[in-house]
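Heads up, entry.cif below (mmCIF, C-alpha atoms):
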```cif
data_my_file
#
loop_
_atom_site.label_atom_id
_atom_site.label_comp_id
_atom_site.auth_asym_id
_atom_site.auth_seq_id
_atom_site.Cartn_x
_atom_site.Cartn_y
_atom_site.Cartn_z
CA MET A 1 65.11 -4.87 -69.70
CA THR A 2 66.27 -4.67 -66.11
CA THR A 3 64.10 -3.00 -63.49
CA PRO A 4 65.13 0.67 -63.27
CA ALA A 5 66.66 1.98 -60.09
CA ASN A 6 63.51 4.08 -59.58
CA PRO A 7 60.05 2.64 -60.31
CA PRO A 8 57.81 4.18 -63.00
CA ARG A 9 55.44 6.82 -61.74
CA ASP A 10 52.44 4.68 -62.64
CA ALA A 11 53.64 1.10 -62.57
CA GLY A 12 50.11 -0.23 -62.82
CA ALA A 13 49.29 1.43 -66.16
CA ARG A 14 50.64 -0.11 -69.32
CA ARG A 15 50.87 1.00 -72.94
CA GLY A 16 49.66 4.52 -72.36
CA GLY A 17 48.55 6.58 -75.33
CA GLY A 18 50.09 9.73 -76.65
CA GLU A 19 51.76 11.13 -79.74
CA SER A 20 54.16 8.60 -81.17
CA GLY A 21 55.86 7.22 -84.21
CA GLU A 22 53.90 4.02 -83.57
CA PRO A 23 50.43 4.59 -82.05
CA ALA A 24 49.62 2.99 -78.72
CA GLY A 25 47.56 -0.13 -79.14
CA PRO A 26 47.73 -3.90 -79.33
CA PRO A 27 50.96 -5.63 -80.30
CA ALA A 28 51.58 -5.94 -84.00
CA ARG A 29 50.10 -9.07 -85.54
CA GLN A 30 52.24 -11.71 -87.16
CA HIS A 31 52.06 -11.85 -90.90
CA SER A 32 54.15 -12.34 -93.97
CA ASP A 33 54.36 -9.05 -95.82
CA SER A 34 53.99 -9.65 -99.52
CA ALA A 35 51.57 -9.50 -102.40
CA ARG A 36 50.86 -12.14 -104.97
CA ILE A 37 49.45 -12.24 -108.49
CA ASP A 38 47.73 -15.43 -109.53
CA ARG A 39 48.13 -15.83 -113.28
CA ARG A 40 45.00 -16.63 -115.29
CA PRO A 41 44.64 -17.83 -118.87
CA GLN A 42 45.71 -15.50 -121.65
CA GLY A 43 43.31 -12.56 -121.96
CA ALA A 44 41.84 -12.99 -118.49
CA ARG A 45 42.29 -10.32 -115.84
CA PRO A 46 44.97 -11.30 -113.28
CA ARG A 47 43.87 -11.93 -109.73
CA LEU A 48 45.87 -9.92 -107.24
CA CYS A 49 46.48 -11.45 -103.82
CA LEU A 50 47.93 -8.87 -101.49
CA ARG A 51 49.53 -8.82 -98.10
CA PRO A 52 50.91 -5.59 -96.59
CA SER A 53 54.12 -4.80 -98.45
CA PHE A 54 57.24 -2.74 -97.95
CA VAL A 55 56.96 0.86 -98.95
CA GLY A 56 58.96 4.02 -99.15
CA SER A 57 58.72 7.57 -100.42
CA ARG A 58 60.53 10.84 -100.14
CA THR A 59 60.81 14.19 -101.84
CA ARG A 60 64.15 15.78 -102.54
CA ARG A 61 65.58 18.03 -99.82
CA THR A 62 66.34 21.64 -100.64
CA GLY A 63 69.81 21.94 -102.14
CA GLU A 64 70.17 18.22 -102.76
CA GLU A 65 72.07 17.22 -105.87
CA ASP A 66 70.14 15.86 -108.84
CA ASP A 67 70.83 12.23 -108.02
CA PRO A 68 68.60 9.81 -109.97
CA ALA A 69 68.07 7.88 -106.74
CA ALA A 70 67.29 10.96 -104.67
CA GLY A 71 63.58 11.14 -105.43
CA VAL A 72 62.48 8.31 -103.17
CA LEU A 73 63.49 6.31 -100.15
CA CYS A 74 62.54 2.70 -99.63
CA GLY A 75 62.14 0.51 -96.60
CA GLN A 76 60.84 -2.98 -95.97
CA PRO A 77 58.73 -4.55 -93.25
CA SER A 78 60.15 -6.34 -90.31
CA PRO A 79 59.69 -10.06 -91.01
CA VAL A 80 58.78 -10.87 -87.39
CA TYR A 81 55.70 -9.63 -85.57
CA ARG A 82 54.06 -10.86 -82.41
CA GLY A 83 50.57 -12.24 -82.26
CA GLY A 84 48.57 -14.57 -84.44
CA TYR A 85 47.64 -12.63 -87.55
CA SER A 86 46.91 -15.01 -90.39
CA ALA A 87 49.48 -15.37 -93.16
CA ARG A 88 46.72 -16.21 -95.67
CA PRO A 89 46.86 -14.09 -98.84
CA LEU A 90 44.47 -11.14 -98.98
CA ARG A 91 42.75 -11.47 -102.34
CA VAL A 92 42.22 -8.51 -104.66
CA ASP A 93 40.32 -9.41 -107.79
CA ASP A 94 40.80 -6.35 -110.02
CA PRO A 95 42.95 -3.25 -110.50
CA GLY A 96 40.34 -1.12 -108.70
CA GLU A 97 40.96 -3.10 -105.53
CA LEU A 98 44.70 -2.78 -106.04
CA ILE A 99 44.30 0.99 -106.32
CA ALA A 100 42.14 1.01 -103.18
CA ALA A 101 44.93 -0.84 -101.35
CA VAL A 102 47.60 1.74 -102.27
CA PRO A 103 47.03 4.03 -99.22
CA ALA A 104 47.50 1.08 -96.88
CA MET A 105 50.62 0.00 -98.72
CA VAL A 106 52.27 3.44 -98.61
CA GLY A 107 50.81 4.52 -95.25
CA PHE A 108 48.93 7.56 -96.53
CA TYR A 109 46.69 8.71 -99.39
CA PRO A 110 49.09 9.78 -102.16
CA SER A 111 48.38 12.63 -104.56
CA ARG A 112 50.16 13.64 -107.76
CA SER A 113 52.20 10.49 -107.38
CA LEU A 114 53.46 7.52 -109.30
CA VAL A 115 53.22 4.31 -107.26
CA VAL A 116 55.21 1.34 -108.50
CA ALA A 117 54.90 -2.21 -107.16
CA VAL A 118 57.99 -4.34 -107.82
CA LEU A 119 57.15 -8.02 -108.30
CA GLY A 120 59.78 -10.30 -106.83
CA PRO A 121 60.70 -13.71 -108.21
CA SER A 122 58.33 -16.55 -107.36
CA GLU A 123 59.02 -20.03 -106.11
CA PRO A 124 58.35 -22.86 -108.58
CA GLY A 125 54.59 -23.25 -108.93
CA ALA A 126 53.86 -20.09 -106.90
CA SER A 127 52.73 -16.63 -107.97
CA PRO A 128 55.16 -13.70 -107.83
CA ALA A 129 55.08 -11.47 -104.75
CA ILE A 130 55.30 -7.71 -104.40
CA ALA A 131 58.75 -7.18 -102.96
CA ALA A 132 58.62 -3.39 -102.85
CA VAL A 133 56.24 -0.49 -103.31
CA LEU A 134 57.77 2.85 -104.32
CA ARG A 135 56.10 6.25 -104.45
CA PHE A 136 57.41 9.12 -106.59
CA ASP A 137 56.31 12.76 -106.64
CA LEU A 138 55.06 13.78 -110.07
CA GLU A 139 55.97 17.40 -109.25
CA PRO A 140 59.37 17.07 -107.52
CA GLU A 141 61.46 20.01 -106.41
CA GLY A 142 63.69 21.03 -109.27
CA GLY A 143 61.08 20.38 -111.97
CA ARG A 144 60.14 17.49 -114.21
CA ARG A 145 63.30 17.38 -116.32
CA GLY A 146 64.64 13.85 -116.49
CA LEU A 147 61.72 12.50 -114.46
CA ALA A 148 61.41 9.17 -116.28
CA ALA A 149 65.17 8.63 -116.17
CA SER A 150 65.30 9.30 -112.43
CA PHE A 151 62.35 7.03 -111.73
CA ALA A 152 63.67 4.24 -113.94
CA ALA A 153 67.11 4.41 -112.33
CA LEU A 154 65.73 3.76 -108.87
CA ILE A 155 63.15 1.21 -110.00
CA GLY A 156 65.91 -0.64 -111.80
CA GLN A 157 68.08 -0.54 -108.69
CA ILE A 158 65.35 -2.06 -106.55
CA CYS A 159 64.48 -4.63 -109.23
CA ALA A 160 68.13 -5.68 -109.36
CA ALA A 161 68.24 -6.06 -105.58
CA GLU A 162 65.05 -8.14 -105.63
CA ARG A 163 65.90 -10.06 -108.83
CA ALA A 164 62.62 -8.73 -110.25
CA THR A 165 61.66 -8.52 -113.91
CA GLU A 166 58.12 -7.10 -113.69
CA VAL A 167 56.41 -4.11 -112.07
CA LEU A 168 52.90 -2.65 -111.80
CA ALA A 169 52.25 1.11 -111.90
CA VAL A 170 49.49 3.42 -110.64
CA ILE A 171 49.34 7.15 -111.36
CA VAL A 172 47.33 9.25 -108.89
CA ASP A 173 46.83 12.74 -110.31
CA ASP A 174 43.88 15.10 -109.78
CA ARG A 175 44.68 16.76 -113.12
CA ALA A 176 44.19 13.51 -115.04
CA GLY A 177 41.09 12.76 -117.05
CA ARG A 178 40.00 9.45 -118.52
CA PRO A 179 40.74 9.49 -122.26
CA ALA A 180 38.03 8.91 -124.84
CA ARG A 181 37.83 5.36 -126.15
CA LYS A 182 38.08 6.58 -129.74
CA ALA A 183 40.85 8.51 -131.40
CA GLN A 184 40.28 11.67 -129.37
CA ARG A 185 43.04 11.87 -126.78
CA GLY A 186 41.11 13.45 -123.95
CA ALA A 187 42.75 15.46 -121.17
CA ARG A 188 46.28 16.62 -121.75
CA SER A 189 47.33 15.43 -118.29
CA GLY A 190 46.01 11.98 -119.12
CA ALA A 191 48.25 11.92 -122.16
CA ALA A 192 51.13 13.02 -119.94
CA GLY A 193 50.52 10.01 -117.73
CA ARG A 194 50.60 7.63 -120.67
CA ALA A 195 53.74 9.31 -121.96
CA LEU A 196 55.45 8.86 -118.59
CA ILE A 197 54.53 5.18 -118.46
CA GLY A 198 55.69 4.77 -122.06
CA ALA A 199 59.04 6.36 -121.27
CA LEU A 200 59.42 4.19 -118.18
CA ALA A 201 58.52 1.07 -120.15
CA GLU A 202 61.17 1.88 -122.73
CA ARG A 203 63.91 2.54 -120.18
CA LEU A 204 63.03 -0.41 -117.96
CA GLY A 205 62.64 -2.68 -120.96
CA ALA A 206 66.25 -2.01 -121.87
CA ASP A 207 67.13 -3.68 -118.55
CA GLY A 208 64.74 -6.58 -119.08
CA ILE A 209 62.03 -5.20 -116.77
CA ARG A 210 58.41 -5.29 -117.94
CA ILE A 211 55.50 -3.09 -116.81
CA GLY A 212 52.80 -5.72 -116.41
CA GLY A 213 49.97 -3.24 -115.86
CA ALA A 214 49.50 0.53 -115.51
CA TRP A 215 46.42 2.41 -114.32
CA ALA A 216 45.47 5.98 -113.48
CA VAL A 217 43.01 7.64 -111.10
CA ALA A 218 42.37 11.27 -110.17
CA ALA A 219 42.18 10.47 -106.44
CA ILE A 220 41.94 7.32 -104.37
CA GLU A 221 38.39 7.74 -103.12
CA GLU A 222 35.38 5.46 -103.18
CA GLY A 223 33.53 5.69 -106.48
CA ARG A 224 36.29 7.50 -108.35
CA PRO A 225 36.81 6.15 -111.89
CA TRP A 226 40.07 4.45 -112.75
CA TRP A 227 41.31 3.52 -116.21
CA SER A 228 44.06 1.55 -117.83
CA LEU A 229 46.95 3.38 -119.44
CA PHE A 230 47.42 0.45 -121.81
CA ASP A 231 43.85 -0.41 -122.81
CA ARG A 232 41.31 2.41 -123.30
CA SER A 233 38.40 -0.01 -122.87
CA GLU A 234 39.48 -1.12 -119.40
CA GLY A 235 38.26 0.80 -116.38
CA GLY A 236 36.02 0.82 -113.35
CA ALA A 237 35.31 2.53 -110.03
CA VAL A 238 37.53 2.51 -106.95
CA PRO A 239 36.00 0.58 -104.04
CA ASP A 240 36.11 1.95 -100.48
CA PRO A 241 39.84 2.18 -99.60
CA SER A 242 39.11 1.97 -95.87
CA ALA A 243 37.32 -1.36 -96.39
CA SER A 244 40.11 -3.05 -98.35
CA THR A 245 41.61 -6.19 -96.89
CA VAL A 246 45.05 -4.57 -96.98
CA ALA A 247 43.75 -1.56 -95.01
CA LEU A 248 42.26 -3.94 -92.45
CA ALA A 249 45.61 -5.70 -92.04
CA HIS A 250 47.31 -2.31 -91.69
CA VAL A 251 44.93 -1.25 -88.93
CA LEU A 252 45.29 -4.59 -87.14
CA ASP A 253 49.03 -3.90 -87.10
CA GLY A 254 48.32 -0.72 -85.15
CA ARG A 255 49.45 1.60 -87.96
CA PRO A 256 47.18 4.48 -89.05
CA ILE A 257 46.57 5.35 -92.69
CA LEU A 258 47.13 9.09 -92.93
CA ARG A 259 45.35 11.46 -95.28
CA SER A 260 48.54 12.89 -96.79
CA ARG A 261 52.30 12.77 -96.64
CA SER A 262 52.33 16.15 -94.88
CA GLU A 263 50.79 14.47 -91.83
CA LEU A 264 53.96 12.39 -91.60
CA THR A 265 56.24 15.41 -91.80
CA ASP A 266 54.12 17.28 -89.24
CA ARG A 267 54.61 14.46 -86.74
CA VAL A 268 58.38 15.03 -86.61
CA ALA A 269 58.37 18.81 -87.01
CA VAL A 270 60.12 20.83 -84.31
CA ASP A 271 57.80 21.87 -81.47
CA ALA A 272 59.03 25.45 -80.97
CA ALA A 273 57.44 25.86 -77.54
CA LEU A 274 58.80 22.54 -76.22
CA CYS A 275 62.21 23.26 -77.77
CA ALA A 276 62.36 26.59 -75.92
CA GLU A 277 61.36 24.99 -72.61
CA VAL A 278 63.94 22.24 -72.96
CA GLY A 279 66.61 24.71 -74.08
CA ALA A 280 66.08 26.72 -70.90
CA GLN A 281 66.89 23.61 -68.84
CA LEU A 282 69.59 22.10 -71.03
CA ASP A 283 72.69 24.03 -69.91
CA SER A 284 72.07 23.08 -66.29
CA ALA A 285 71.42 19.42 -67.13
CA VAL A 286 74.56 19.23 -69.28
CA ALA A 287 76.65 20.84 -66.54
CA VAL A 288 75.48 18.26 -64.00
CA ALA A 289 76.20 15.40 -66.41
CA ARG A 290 79.64 16.83 -67.20
CA ASP A 291 80.52 17.05 -63.48
CA ARG A 292 79.42 13.47 -62.89
CA PHE A 293 81.39 12.29 -65.91
CA ALA A 294 84.54 14.07 -64.72
CA ARG A 295 84.16 12.61 -61.23
CA ALA A 296 83.70 9.12 -62.69
CA VAL A 297 86.87 9.52 -64.76
CA ARG A 298 88.87 10.67 -61.72
CA HIS A 299 87.71 7.65 -59.70
CA ASP A 300 87.98 5.18 -62.59
CA GLU A 301 84.23 4.57 -62.45
CA LEU A 302 83.27 5.49 -66.00
CA PRO A 303 81.38 2.20 -66.71
CA GLY A 304 79.34 2.79 -63.54
CA TYR A 305 78.48 6.33 -64.60
CA ARG A 306 77.33 5.12 -68.00
CA ARG A 307 75.34 2.27 -66.49
CA ARG A 308 73.48 4.73 -64.24
CA SER A 309 72.83 7.02 -67.24
CA LEU A 310 71.48 4.07 -69.23
CA GLU A 311 69.26 2.98 -66.35
CA HIS A 312 67.93 6.53 -66.03
CA VAL A 313 66.90 6.59 -69.69
CA LEU A 314 65.30 3.13 -69.35
CA TRP A 315 63.39 4.37 -66.33
CA GLN A 316 61.98 7.21 -68.42
CA VAL A 317 61.05 4.76 -71.19
CA ALA A 318 59.11 2.81 -68.54
CA ASN A 319 57.44 6.04 -67.42
CA ILE A 320 56.33 6.77 -70.97
CA GLU A 321 55.06 3.21 -71.32
CA SER A 322 53.00 3.83 -68.17
CA GLY A 323 51.39 6.87 -69.79
CA ALA A 324 53.42 9.60 -68.10
CA LEU A 325 54.28 12.88 -69.81
CA LEU A 326 57.86 14.05 -69.38
CA THR A 327 58.63 17.54 -68.13
CA ALA A 328 61.05 19.85 -69.92
CA ARG A 329 63.57 19.24 -67.13
CA GLU A 330 63.36 15.47 -67.56
CA ILE A 331 63.74 15.78 -71.32
CA ALA A 332 66.83 17.95 -70.85
CA GLU A 333 68.33 15.35 -68.50
CA ILE A 334 67.77 12.62 -71.11
CA VAL A 335 69.35 14.79 -73.82
CA ALA A 336 72.39 15.29 -71.58
CA ALA A 337 72.65 11.57 -70.83
CA LEU A 338 72.42 10.60 -74.50
CA ARG A 339 75.19 12.95 -75.52
CA ASP A 340 77.43 10.15 -74.27
CA ARG A 341 77.92 8.07 -77.43
CA VAL A 342 78.25 4.77 -75.54
CA VAL A 343 74.90 5.27 -73.79
CA ARG A 344 73.28 6.43 -77.02
CA ASP A 345 74.59 3.45 -78.98
CA ALA A 346 72.88 1.11 -76.51
CA MET A 347 69.55 2.74 -77.35
CA PHE A 348 69.40 1.12 -80.78
CA ALA A 349 68.71 -2.17 -79.01
CA LEU A 350 65.32 -0.90 -77.84
CA ALA A 351 63.99 -0.95 -81.42
CA ALA A 352 64.19 -4.76 -81.35
CA GLY A 353 62.86 -5.30 -77.84
CA ASP A 354 59.58 -5.45 -75.98
CA HIS A 355 59.65 -1.71 -75.19
CA ALA A 356 60.14 -0.54 -78.78
CA ALA A 357 56.87 1.44 -78.98
CA ALA A 358 57.57 3.40 -75.78
CA ALA A 359 61.17 4.04 -76.83
CA GLU A 360 59.94 5.32 -80.21
CA ARG A 361 57.59 7.73 -78.48
CA LEU A 362 60.56 8.99 -76.45
CA TRP A 363 62.71 9.51 -79.58
CA LEU A 364 59.84 11.39 -81.19
CA THR A 365 59.48 13.68 -78.16
CA LEU A 366 63.22 14.28 -78.03
CA ALA A 367 63.43 15.00 -81.76
CA ARG A 368 60.59 17.52 -81.58
CA GLY A 369 62.00 19.17 -78.45
CA SER A 370 65.62 19.62 -79.57
CA SER A 371 67.63 21.14 -82.40
CA GLY A 372 70.90 20.79 -84.25
CA SER A 373 73.00 17.69 -83.69
CA ASP A 374 70.82 16.56 -80.78
CA ARG A 375 67.72 16.53 -83.00
CA ALA A 376 69.66 14.66 -85.68
CA GLU A 377 70.70 11.91 -83.25
CA PHE A 378 67.18 11.42 -81.89
CA ALA A 379 65.59 11.53 -85.33
CA ALA A 380 68.08 8.86 -86.45
CA LEU A 381 67.01 6.66 -83.50
CA LEU A 382 63.39 7.31 -84.49
CA GLY A 383 64.10 6.44 -88.11
CA TYR A 384 65.86 3.21 -87.16
CA SER A 385 62.96 2.15 -84.93
CA ALA A 386 60.42 2.83 -87.70
CA TYR A 387 62.64 1.07 -90.24
CA LEU A 388 62.97 -2.05 -88.10
CA ARG A 389 59.20 -2.32 -87.57
CA GLY A 390 58.56 -1.96 -91.31
CA ASP A 391 57.29 1.62 -91.63
CA GLY A 392 59.37 2.77 -94.59
CA PRO A 393 57.59 6.12 -95.20
CA PHE A 394 57.90 7.25 -91.58
CA ALA A 395 61.49 6.04 -91.41
CA GLY A 396 62.27 8.13 -94.48
CA ILE A 397 60.62 11.22 -92.98
CA ALA A 398 62.54 10.80 -89.70
CA LEU A 399 65.87 10.34 -91.46
CA GLU A 400 65.15 13.34 -93.69
CA ALA A 401 64.56 15.38 -90.52
CA ALA A 402 67.83 14.09 -89.07
CA LEU A 403 69.82 15.13 -92.14
CA ASP A 404 68.10 18.49 -92.33
CA ALA A 405 69.18 19.11 -88.72
CA ASP A 406 72.73 17.84 -89.30
CA PRO A 407 73.70 16.81 -92.86
CA SER A 408 76.89 15.20 -91.55
CA ASN A 409 75.21 12.82 -89.09
CA ALA A 410 76.87 9.50 -89.89
CA MET A 411 74.11 7.23 -88.60
CA ALA A 412 71.38 9.08 -90.50
CA ILE A 413 73.47 8.92 -93.69
CA LEU A 414 74.00 5.17 -93.21
CA LEU A 415 70.34 4.44 -92.56
CA GLU A 416 69.13 6.68 -95.39
CA THR A 417 71.48 4.92 -97.80
CA ALA A 418 70.18 1.53 -96.66
CA LEU A 419 66.57 2.67 -96.95
CA ARG A 420 67.11 4.12 -100.41
CA ALA A 421 68.68 0.86 -101.57
CA GLY A 422 65.73 -1.18 -100.26
CA MET A 423 67.79 -3.05 -97.66
CA ARG A 424 65.64 -5.39 -95.61
CA PRO A 425 65.18 -4.65 -91.89
CA GLU A 426 66.67 -7.98 -90.87
CA GLN A 427 69.91 -6.85 -92.47
CA LEU A 428 70.03 -3.98 -89.96
CA ARG A 429 69.48 -6.11 -86.87
CA ARG A 430 73.22 -6.08 -86.32
CA LEU A 431 72.87 -2.51 -85.09
CA ALA A 432 70.33 -3.62 -82.47
CA ARG A 433 72.54 -6.55 -81.47
CA SER A 434 75.44 -4.16 -81.03
CA GLY A 435 73.24 -2.08 -78.72
CA TYR A 436 72.44 -5.20 -76.68
CA ALA A 437 76.18 -5.97 -76.42
CA THR A 438 76.92 -2.41 -75.26
CA ALA A 439 74.21 -2.60 -72.59
CA ALA A 440 75.47 -6.01 -71.44
CA TRP A 441 79.01 -4.62 -71.17
CA LEU A 442 77.59 -1.94 -68.85
CA GLY A 443 75.85 -4.62 -66.79
CA VAL A 444 72.28 -4.02 -68.07
CA ASP A 445 70.10 -6.84 -69.41
CA LEU A 446 67.64 -5.46 -71.99
CA GLY A 447 65.66 -8.69 -72.32
CA PRO A 448 65.04 -10.73 -75.47
CA MET A 449 65.01 -9.46 -79.03
CA ILE A 450 61.51 -9.86 -80.48
CA ARG A 451 62.05 -8.28 -83.90
#
```
The structure given in the file should be rewritten as structure tokens.
Amino acid sequence: MTTPANPPRDAGARRGGGESGEPAGPPARQHSDSARIDRRPQGARPRLCLRPSFVGSRTRRTGEEDDPAAGVLCGQPSPVYRGGYSARPLRVDDPGELIAAVPAMVGFYPSRSLVVAVLGPSEPGASPAIAAVLRFDLEPEGGRRGLAASFAALIGQICAAERATEVLAVIVDDRAGRPARKAQRGARSGAAGRALIGALAERLGADGIRIGGAWAVAAIEEGRPWWSLFDRSEGGAVPDPSASTVALAHVLDGRPILRSRSELTDRVAVDAALCAEVGAQLDSAVAVARDRFARAVRHDELPGYRRRSLEHVLWQVANIESGALLTAREIAEIVAALRDRVVRDAMFALAAGDHAAAAERLWLTLARGSSGSDRAEFAALLGYSAYLRGDGPFAGIALEAALDADPSNAMAILLETALRAGMRPEQLRRLARSGYATAAWLGVDLGPMIR
């Protein structure tokens, strides 16, 4: 991007740390995000070969209609990363290792969840790849009525989009107990898990989709027993999740594996103190911006006004990249500048550029320090940035926050719909390209697209 009119406060420091949607650290490594299953002879255990895969999850918002697709959101990884991470498959030899890889695949340690891996079609002579990983709450808001139907509807939708005919399933439930190998059924919750998988198998089977394997575990922790929901004699112990090859790849990408989904929601929660500080400065900042806008209109200099507003925001992105912390006054000035739709539309380009991580930290700060329609706009920018870099769970959380702040926000609705349908990030690059075109029209060169 062009050099800002004012230099960053610490031009010598680069990639400063701080709270962000994408942690500060080395550039993401290049890899091909997929998972493969190498078929073995009949009766032999399949060998799973995993690469980090696309994931998504969401719980239903309060007051949301009982839409079968409303229980989960899906996203997919950006197909382009910088660096030299190997594209070699990461081999997982048994279901225990697959279970250990689940936290890395969904971005956090799930609990009371159904995790479904959708196997995409394979090339001739190649093994099928995991095209999507979906997480469902086993205790959703609104109760368990119609749970299997809701799950199957969305799984079927994603399978149709990926031309998939097979899925794998893992139930993580602390109430579950491994059933006895004989006729005795064991824990009631264990039977509930088998019943859910049976209902899913029946509904998916009607659409030609097969559940190739289903397993259960009380918690994804080292040493915890896992068992098959199809074969009572099959089971084992979960290996160390933090030592899995998929977790290693996740960490090398600079993405943390969180302990729970609530840690994701906490990251985008409103900071009441910051919101109050920014609110105290906002009226003044908006008044100044309004006067400048009116003066630009009178003198037919509106493109120049917008270019200066865009350069000011880019300058603050550079400051954040240098490790600076913005004051409440500076945040209020950015909020005022981005109330201009043309300037705000140009911001989507940053998600595909070299300054994406710093821009995402700015959107996170703005979302936490604002409310109402302002928070919705910044959370939508945050969600788009996370979506484009392949973090489906965080993108879903950000877009949920946007719609909670303003249910009518058009961009958040568009992105949430795309995420729910499993649309690939590359299909949303047009939005970034449009941002580049807007910036170019204002006379600002944002540099090359790298995503």
For segment 203-220 of chain A, work out the shell of residues within 8 Å, counting only C-alpha atoms and skipping chain neighbours fewer than 6 positions away, then give it as JSON, numbers by chain.
{"A": [95, 99, 100, 103, 109, 110, 111, 149, 152, 156, 159, 164, 165, 166, 167, 168, 169, 170, 171, 172, 173, 174, 175, 176, 177, 193, 197, 226, 227, 228, 229, 230, 238, 241]}
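Interatomic distance, atom CA of Gly223 of chain A to atom CA of Asp137 of chain A: 23.9 Å.
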Can you list, as a list in words, the residues that the PyMOL selection byres ((chain A and resi 240) around 12) selects here?
Gly96, Glu97, Leu98, Ile99, Ala100, Ala101, Val102, Pro103, Ala104, Ile220, Glu221, Glu222, Gly223, Arg224, Ala237, Val238, Pro239, Pro241, Ser242, Ala243, Ser244, Thr245, Val246, Ala247 and Leu248 of chain A
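Remark: for Leu419 of chain A, the closest of the candidate residues A:Leu114, A:Leu326, A:Ala376, A:Leu154 is A:Leu154 (distances computed over only C-alpha atoms).
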Pick out the closest residue to Ala412 of chain A from this set: A:Ile397, A:Ala432, A:Ala192, A:Gly383. Count all atoms listed in the file.
A:Gly383
Reference answer for the PyMOL selection byres ((chain A and resi 148) around 7), as a list in words
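Applied to this file, the PyMOL selection byres ((chain A and resi 148) around 7) selects Gly146, Leu147, Ala149, Ser150, Phe151, Ala152, Leu196, Ala199 and Leu200 of chain A.
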Keeping only C-alpha atoms, write the selected residues to a file as a short mmCIF file (atom, residue, chain, number, x, y, z; two decimals), in the coordinates of the input.
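Printed below is again22.cif as written:
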```
data_model
loop_
_atom_site.label_atom_id
_atom_site.label_comp_id
_atom_site.auth_asym_id
_atom_site.auth_seq_id
_atom_site.Cartn_x
_atom_site.Cartn_y
_atom_site.Cartn_z
CA GLY A 146 64.64 13.85 -116.49
CA LEU A 147 61.72 12.50 -114.46
CA ALA A 149 65.17 8.63 -116.17
CA SER A 150 65.30 9.30 -112.43
CA PHE A 151 62.35 7.03 -111.73
CA ALA A 152 63.67 4.24 -113.94
CA LEU A 196 55.45 8.86 -118.59
CA ALA A 199 59.04 6.36 -121.27
CA LEU A 200 59.42 4.19 -118.18
#
```
Taking the file above as input, evaluate the PyMOL selection byres ((chain A and resi 119) around 7) and report the hits as an MDAnalysis selection string.
chainID A and resid 117:118 120:121 128:131 164 166:167
Which distance in Å separates atom CA of Ile450 of chain A and atom CA of Gly392 of chain A, to one decimal?
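Calculated distance between atom CA of Ile450 of chain A and atom CA of Gly392 of chain A is 19.1 Å.
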Would you compute the box with edges along x, y and z of the file around segment 310-325 of chain A, including every atom the file lists for it and 6 Å extra on each side, and give its centre and edge lengths in Å to one decimal, as JSON?
```
{"center_x": 61.4, "center_y": 7.8, "center_z": -68.7, "size_x": 32.1, "size_y": 22.1, "size_z": 17.3}
```
Tell me, as a ChimeraX atom specification, which residues lie within 8 Å of segment 273-288 of chain A, counting all atoms listed in the file; anything in the same chain fewer than 3 positions away does not count.
/A:270,291-292,328-329,331-333,335-336,368-371
Record the distance separating atom CA of Val115 of chain A and atom CA of Phe136 of chain A, expressed in Å with one decimal.
6.4 Å
Which residues are close to Pro448 of chain A, i.e. within 10 Å by all atoms listed in the file, leaving aside same-chain residues fewer than 6 positions away? Reply as an MDAnalysis selection string.
chainID A and resid 1 349 352:354 436
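Taking only C-alpha atoms into account, Ala357 of chain A lies nearest to A:Glu321 out of the set A:Glu162, A:Glu377, A:Asp345, A:Glu321.
Of the residues listed (A:Val343, A:Ala379, A:Leu362, A:Met411), A:Ala379 shows the shortest atom-to-atom separation from Leu399 of chain A; distances use all atoms listed in the file.
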When distances are computed from only C-alpha atoms, which of A:Ala195, A:Met423, A:Ala324, A:Leu310 shows the smallest separation from Arg341 of chain A?
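Ranking A:Ala195, A:Met423, A:Ala324, A:Leu310 by distance to Arg341 of chain A, first place goes to A:Leu310.
The residue that comes closest to Arg424 of chain A, out of A:Ala132, A:Ala191, A:Ser408, A:Ala294 and on the basis of only C-alpha atoms, is A:Ala132.
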